[in-house]
Amino acid sequence: TAPLPPCRGPPLSISGPRFPELAERYLKRQGIYSKPSTLHNERCNVEKLRRFFGSRTIASLSSSDLESFISTRRGKVSAHTINNDLGTLRGILRQAVEEGLIPALPFRIRKLRSTPRKIEIFSAEQVKRLLAEADPRTRAIIAIAAGTGLRRQEILHLKWEDLRGDQLEVCPKDGWTTKTYQRRTVYLSPSLRKILSDYRKSLKRKSETDWVFQSSRRGENSGARVGEIAKPLRAAFKRAGLYERGKLLHLLRHSVASALLQNGTAIHVAQSIL
């Protein structure tokens, strides 16, 4: 991402709290109340805001600075992304008001108009193409994503002991936690169980306590959990003619959600499964 130009405005001598201080206080509160994934997104947004506003004091900021920030982002990212940044900025300033650090918001923050995102899904035929083009480990990963709707990190943190007959338990382990901090159980279809069984037979380390998806490294790291799967995933999607940047496993998750709803599953039930 190209660096944002610094915010130009009044000198820093104007008194009052500075933006980096308020941003840090905001992240500290988010660390208490937010999910890990939400906190990660907030940190990314704060970093973009920091690069632009620098060490300016809040008293030195005006609506023209906000407009300048928006104009530097337009054309480079979507309105949806800019609105995420603005949401974080609004949260930082509102918290500062609540804590009595500033008397009021320095300007009004209005979100941009954005076109609602169209939810895309893969057809059953497209999933078959993906499975046919993937190597054994990637094939098992895609099969789990397409069959259960699990998130990427949920898949990578599976151990064989989590597979119990026709059920798969998703639970926190080894310092990692699920997005919702809760454990849940999902159903494994016969075809998915067959794919996982065949994949397990190909592994050297396949005890109950071993990771399902292991690094290919040898020596001391043999059997370690695989950390990144982007490259083999991209390769499989490209060979299947389905590659689109940013739309890999998460699109499979959308497909599972769509299939559940089309089959008459209540929304709240689908949410509990996913």
# chains A, B, ... in the order shown; residues from 1 in each chain; ligands from 1

$ residues_around --residues "Thr178 of chain A" --least-positions-apart "4" --cutoff "12 Å" --atoms "only C-alpha atoms" --output "JSON list (two decimals) with all heavy atoms, in the first residue's frame"
[["chain", "number", "residue", "atom", "x", "y", "z"],
["A", 35, "LYS", "N", -13.12, -8.86, 19.90],
["A", 35, "LYS", "CA", -12.59, -10.14, 19.46],
["A", 35, "LYS", "C", -11.20, -9.93, 18.86],
["A", 35, "LYS", "O", -10.89, -8.83, 18.39],
["A", 35, "LYS", "CB", -13.51, -10.74, 18.38],
["A", 35, "LYS", "CG", -14.94, -10.96, 18.82],
["A", 35, "LYS", "CD", -15.78, -11.41, 17.65],
["A", 35, "LYS", "CE", -17.25, -11.54, 18.03],
["A", 35, "LYS", "NZ", -18.09, -11.89, 16.86],
["A", 36, "PRO", "N", -10.35, -10.97, 18.85],
["A", 36, "PRO", "CA", -9.01, -10.83, 18.28],
["A", 36, "PRO", "C", -9.01, -10.30, 16.85],
["A", 36, "PRO", "O", -8.19, -9.45, 16.49],
["A", 36, "PRO", "CB", -8.46, -12.25, 18.36],
["A", 36, "PRO", "CG", -9.17, -12.86, 19.51],
["A", 36, "PRO", "CD", -10.56, -12.29, 19.46],
["A", 37, "SER", "N", -9.94, -10.79, 16.04],
["A", 37, "SER", "CA", -9.99, -10.36, 14.64],
["A", 37, "SER", "C", -10.39, -8.89, 14.53],
["A", 37, "SER", "O", -9.87, -8.14, 13.70],
["A", 37, "SER", "CB", -10.96, -11.22, 13.84],
["A", 37, "SER", "OG", -12.27, -11.16, 14.41],
["A", 150, "LEU", "N", -15.79, -23.57, 7.95],
["A", 150, "LEU", "CA", -14.81, -23.12, 8.94],
["A", 150, "LEU", "C", -13.94, -22.01, 8.37],
["A", 150, "LEU", "O", -13.67, -21.96, 7.18],
["A", 150, "LEU", "CB", -13.92, -24.28, 9.38],
["A", 150, "LEU", "CG", -14.30, -25.00, 10.68],
["A", 150, "LEU", "CD1", -15.68, -25.65, 10.55],
["A", 150, "LEU", "CD2", -13.25, -26.04, 11.04],
["A", 151, "ARG", "N", -13.48, -21.12, 9.25],
["A", 151, "ARG", "CA", -12.56, -20.06, 8.87],
["A", 151, "ARG", "C", -11.15, -20.63, 8.70],
["A", 151, "ARG", "O", -10.85, -21.72, 9.20],
["A", 151, "ARG", "CB", -12.53, -18.95, 9.93],
["A", 151, "ARG", "CG", -13.89, -18.30, 10.16],
["A", 151, "ARG", "CD", -13.80, -17.27, 11.29],
["A", 151, "ARG", "NE", -15.07, -16.59, 11.49],
["A", 151, "ARG", "CZ", -16.05, -17.03, 12.28],
["A", 151, "ARG", "NH1", -15.88, -18.16, 12.96],
["A", 151, "ARG", "NH2", -17.17, -16.35, 12.42],
["A", 152, "ARG", "N", -10.29, -19.87, 8.03],
["A", 152, "ARG", "CA", -8.93, -20.32, 7.74],
["A", 152, "ARG", "C", -8.19, -20.77, 9.01],
["A", 152, "ARG", "O", -7.65, -21.87, 9.06],
["A", 152, "ARG", "CB", -8.14, -19.21, 7.05],
["A", 152, "ARG", "CG", -6.71, -19.58, 6.72],
["A", 152, "ARG", "CD", -5.97, -18.37, 6.19],
["A", 152, "ARG", "NE", -6.60, -17.87, 4.97],
["A", 152, "ARG", "CZ", -6.02, -17.84, 3.78],
["A", 152, "ARG", "NH1", -4.78, -18.27, 3.64],
["A", 152, "ARG", "NH2", -6.65, -17.37, 2.73],
["A", 153, "GLN", "N", -8.14, -19.91, 10.03],
["A", 153, "GLN", "CA", -7.40, -20.26, 11.24],
["A", 153, "GLN", "C", -8.06, -21.40, 12.02],
["A", 153, "GLN", "O", -7.38, -22.15, 12.72],
["A", 153, "GLN", "CB", -7.22, -19.03, 12.13],
["A", 153, "GLN", "CG", -6.25, -18.01, 11.57],
["A", 153, "GLN", "CD", -4.87, -18.60, 11.34],
["A", 153, "GLN", "OE1", -4.35, -19.36, 12.15],
["A", 153, "GLN", "NE2", -4.26, -18.25, 10.21],
["A", 154, "GLU", "N", -9.36, -21.53, 11.91],
["A", 154, "GLU", "CA", -10.04, -22.66, 12.55],
["A", 154, "GLU", "C", -9.60, -23.97, 11.90],
["A", 154, "GLU", "O", -9.41, -24.98, 12.59],
["A", 154, "GLU", "CB", -11.55, -22.49, 12.44],
["A", 154, "GLU", "CG", -12.10, -21.35, 13.29],
["A", 154, "GLU", "CD", -13.57, -21.09, 13.06],
["A", 154, "GLU", "OE1", -14.11, -21.51, 12.01],
["A", 154, "GLU", "OE2", -14.19, -20.45, 13.94],
["A", 155, "ILE", "N", -9.42, -23.95, 10.60],
["A", 155, "ILE", "CA", -8.96, -25.14, 9.88],
["A", 155, "ILE", "C", -7.52, -25.47, 10.25],
["A", 155, "ILE", "O", -7.18, -26.63, 10.52],
["A", 155, "ILE", "CB", -9.09, -24.93, 8.36],
["A", 155, "ILE", "CG1", -10.56, -24.81, 7.96],
["A", 155, "ILE", "CG2", -8.44, -26.08, 7.59],
["A", 155, "ILE", "CD1", -10.77, -24.43, 6.50],
["A", 156, "LEU", "N", -6.68, -24.45, 10.28],
["A", 156, "LEU", "CA", -5.25, -24.67, 10.53],
["A", 156, "LEU", "C", -4.97, -25.06, 11.98],
["A", 156, "LEU", "O", -3.88, -25.55, 12.28],
["A", 156, "LEU", "CB", -4.45, -23.42, 10.16],
["A", 156, "LEU", "CG", -4.48, -23.02, 8.68],
["A", 156, "LEU", "CD1", -3.56, -21.84, 8.44],
["A", 156, "LEU", "CD2", -4.08, -24.19, 7.80],
["A", 157, "HIS", "N", -5.92, -24.86, 12.88],
["A", 157, "HIS", "CA", -5.72, -25.22, 14.28],
["A", 157, "HIS", "C", -6.45, -26.51, 14.66],
["A", 157, "HIS", "O", -6.72, -26.75, 15.85],
["A", 157, "HIS", "CB", -6.16, -24.08, 15.20],
["A", 157, "HIS", "CG", -5.16, -22.97, 15.30],
["A", 157, "HIS", "ND1", -5.08, -21.94, 14.39],
["A", 157, "HIS", "CD2", -4.15, -22.76, 16.19],
["A", 157, "HIS", "CE1", -4.09, -21.13, 14.72],
["A", 157, "HIS", "NE2", -3.52, -21.60, 15.80],
["A", 158, "LEU", "N", -6.74, -27.33, 13.69],
["A", 158, "LEU", "CA", -7.38, -28.62, 13.97],
["A", 158, "LEU", "C", -6.35, -29.68, 14.31],
["A", 158, "LEU", "O", -5.27, -29.72, 13.73],
["A", 158, "LEU", "CB", -8.19, -29.09, 12.75],
["A", 158, "LEU", "CG", -9.46, -28.31, 12.39],
["A", 158, "LEU", "CD1", -10.03, -28.83, 11.08],
["A", 158, "LEU", "CD2", -10.48, -28.41, 13.51],
["A", 169, "GLU", "N", -15.06, -30.98, 16.24],
["A", 169, "GLU", "CA", -15.15, -29.97, 17.29],
["A", 169, "GLU", "C", -14.13, -28.87, 17.04],
["A", 169, "GLU", "O", -12.94, -29.13, 16.87],
["A", 169, "GLU", "CB", -14.91, -30.59, 18.67],
["A", 169, "GLU", "CG", -15.12, -29.59, 19.80],
["A", 169, "GLU", "CD", -15.03, -30.23, 21.16],
["A", 169, "GLU", "OE1", -14.41, -31.30, 21.28],
["A", 169, "GLU", "OE2", -15.58, -29.65, 22.11],
["A", 170, "VAL", "N", -14.61, -27.64, 17.01],
["A", 170, "VAL", "CA", -13.75, -26.47, 16.83],
["A", 170, "VAL", "C", -13.60, -25.82, 18.19],
["A", 170, "VAL", "O", -14.60, -25.37, 18.78],
["A", 170, "VAL", "CB", -14.37, -25.47, 15.83],
["A", 170, "VAL", "CG1", -13.41, -24.32, 15.57],
["A", 170, "VAL", "CG2", -14.72, -26.17, 14.52],
["A", 171, "CYS", "N", -12.38, -25.77, 18.71],
["A", 171, "CYS", "CA", -12.20, -25.26, 20.07],
["A", 171, "CYS", "C", -10.85, -24.56, 20.22],
["A", 171, "CYS", "O", -9.91, -24.82, 19.46],
["A", 171, "CYS", "CB", -12.30, -26.40, 21.08],
["A", 171, "CYS", "SG", -11.13, -27.75, 20.77],
["A", 172, "PRO", "N", -10.74, -23.65, 21.20],
["A", 172, "PRO", "CA", -9.47, -22.95, 21.45],
["A", 172, "PRO", "C", -8.39, -23.95, 21.86],
["A", 172, "PRO", "O", -8.67, -24.94, 22.52],
["A", 172, "PRO", "CB", -9.82, -22.00, 22.59],
["A", 172, "PRO", "CG", -11.31, -21.85, 22.53],
["A", 172, "PRO", "CD", -11.81, -23.17, 22.08],
["A", 173, "LYS", "N", -7.13, -23.64, 21.51],
["A", 173, "LYS", "CA", -6.03, -24.50, 21.92],
["A", 173, "LYS", "C", -4.70, -23.80, 21.72],
["A", 173, "LYS", "O", -4.55, -22.95, 20.84],
["A", 173, "LYS", "CB", -6.05, -25.82, 21.15],
["A", 173, "LYS", "CG", -5.99, -25.70, 19.62],
["A", 173, "LYS", "CD", -5.85, -27.05, 18.96],
["A", 173, "LYS", "CE", -7.09, -27.89, 19.07],
["A", 173, "LYS", "NZ", -8.18, -27.40, 18.22],
["A", 174, "ASP", "N", -3.73, -24.15, 22.55],
["A", 174, "ASP", "CA", -2.35, -23.67, 22.44],
["A", 174, "ASP", "C", -2.25, -22.15, 22.30],
["A", 174, "ASP", "O", -1.51, -21.63, 21.46],
["A", 174, "ASP", "CB", -1.66, -24.35, 21.25],
["A", 174, "ASP", "CG", -1.44, -25.83, 21.48],
["A", 174, "ASP", "OD1", -1.85, -26.32, 22.55],
["A", 174, "ASP", "OD2", -0.88, -26.50, 20.61],
["A", 182, "GLN", "N", -15.71, -19.27, 21.53],
["A", 182, "GLN", "CA", -16.54, -20.42, 21.93],
["A", 182, "GLN", "C", -16.18, -21.65, 21.10],
["A", 182, "GLN", "O", -15.70, -21.55, 19.98],
["A", 182, "GLN", "CB", -18.02, -20.08, 21.76],
["A", 182, "GLN", "CG", -18.48, -18.91, 22.61],
["A", 182, "GLN", "CD", -19.93, -18.55, 22.33],
["A", 182, "GLN", "OE1", -20.51, -18.95, 21.32],
["A", 182, "GLN", "NE2", -20.53, -17.78, 23.24],
["A", 183, "ARG", "N", -16.43, -22.81, 21.68],
["A", 183, "ARG", "CA", -16.26, -24.04, 20.94],
["A", 183, "ARG", "C", -17.58, -24.43, 20.31],
["A", 183, "ARG", "O", -18.65, -24.11, 20.84],
["A", 183, "ARG", "CB", -15.72, -25.16, 21.83],
["A", 183, "ARG", "CG", -16.60, -25.56, 23.00],
["A", 183, "ARG", "CD", -15.99, -26.75, 23.73],
["A", 183, "ARG", "NE", -14.68, -26.45, 24.26],
["A", 183, "ARG", "CZ", -13.71, -27.35, 24.39],
["A", 183, "ARG", "NH1", -13.92, -28.60, 24.01],
["A", 183, "ARG", "NH2", -12.55, -27.00, 24.90],
["A", 184, "ARG", "N", -17.52, -25.08, 19.19],
["A", 184, "ARG", "CA", -18.75, -25.52, 18.54],
["A", 184, "ARG", "C", -18.47, -26.83, 17.80],
["A", 184, "ARG", "O", -17.31, -27.18, 17.54],
["A", 184, "ARG", "CB", -19.28, -24.47, 17.57],
["A", 184, "ARG", "CG", -18.45, -24.22, 16.33],
["A", 184, "ARG", "CD", -19.04, -23.05, 15.53],
["A", 184, "ARG", "NE", -18.47, -22.91, 14.22],
["A", 184, "ARG", "CZ", -17.30, -22.34, 13.96],
["A", 184, "ARG", "NH1", -16.56, -21.86, 14.95],
["A", 184, "ARG", "NH2", -16.85, -22.24, 12.72],
["A", 274, "LEU", "N", -21.87, -21.68, 11.84],
["A", 274, "LEU", "CA", -20.71, -21.01, 11.25],
["A", 274, "LEU", "C", -19.95, -20.16, 12.26],
["A", 274, "LEU", "O", -18.88, -19.69, 11.95],
["A", 274, "LEU", "CB", -21.18, -20.14, 10.07],
["A", 274, "LEU", "CG", -21.82, -20.90, 8.92],
["A", 274, "LEU", "CD1", -22.42, -19.94, 7.92],
["A", 274, "LEU", "CD2", -20.79, -21.79, 8.24]]

$ residues_around --residues "Asp135 of chain A" --least-positions-apart "4" --cutoff "12 Å" --atoms "only C-alpha atoms" --output "list in words"
Leu130, Leu131, Arg139, Ala140, Ile141, Ile142, Ala143, Tyr199, Ser202, Ile229, Lys231, Pro232, Leu233, Arg234, Ala235, Ala236, Phe237 and Arg239 of chain A

$ closest_residue --among "A:Val186, A:Ile195, A:Ala146, A:Leu93" --to "Gln126 of chain A" --atoms "only C-alpha atoms"
A:Ala146

$ select_by_dssp --residues "segment 56-209 of chain A" --states "alpha helix (DSSP H)" --output "PyMOL selection string"
chain A and resi 63-73+79-98+124-133+136-148+152-156+190-201

$ residues_around --residues "Phe107 of chain A" --least-positions-apart "4" --cutoff "9 Å" --atoms "only C-alpha atoms" --output "PDB file with C-alpha atoms, in the first residue's frame"
ATOM      1  CA  LEU A  61      -7.633  19.204  13.506  1.00  0.00           C
ATOM      2  CA  SER A  62     -10.524  20.453  11.401  1.00  0.00           C
ATOM      3  CA  SER A  63     -13.065  19.176   8.903  1.00  0.00           C
ATOM      4  CA  LEU A  66     -10.818  14.945   7.417  1.00  0.00           C
TER       5      LEU A  66
END

$ closest_residue --among "A:Ile92, A:Gln214, A:Val127, A:Ser34" --to "Ala145 of chain A" --atoms "only C-alpha atoms"
A:Val127

$ residues_around --residues "Leu192 of chain A" --least-positions-apart "4" --cutoff "8 Å" --atoms "only C-alpha atoms" --output "list of chain:residue names"
A:Ala143, A:Ile144, A:Gly147, A:Leu188, A:Leu196
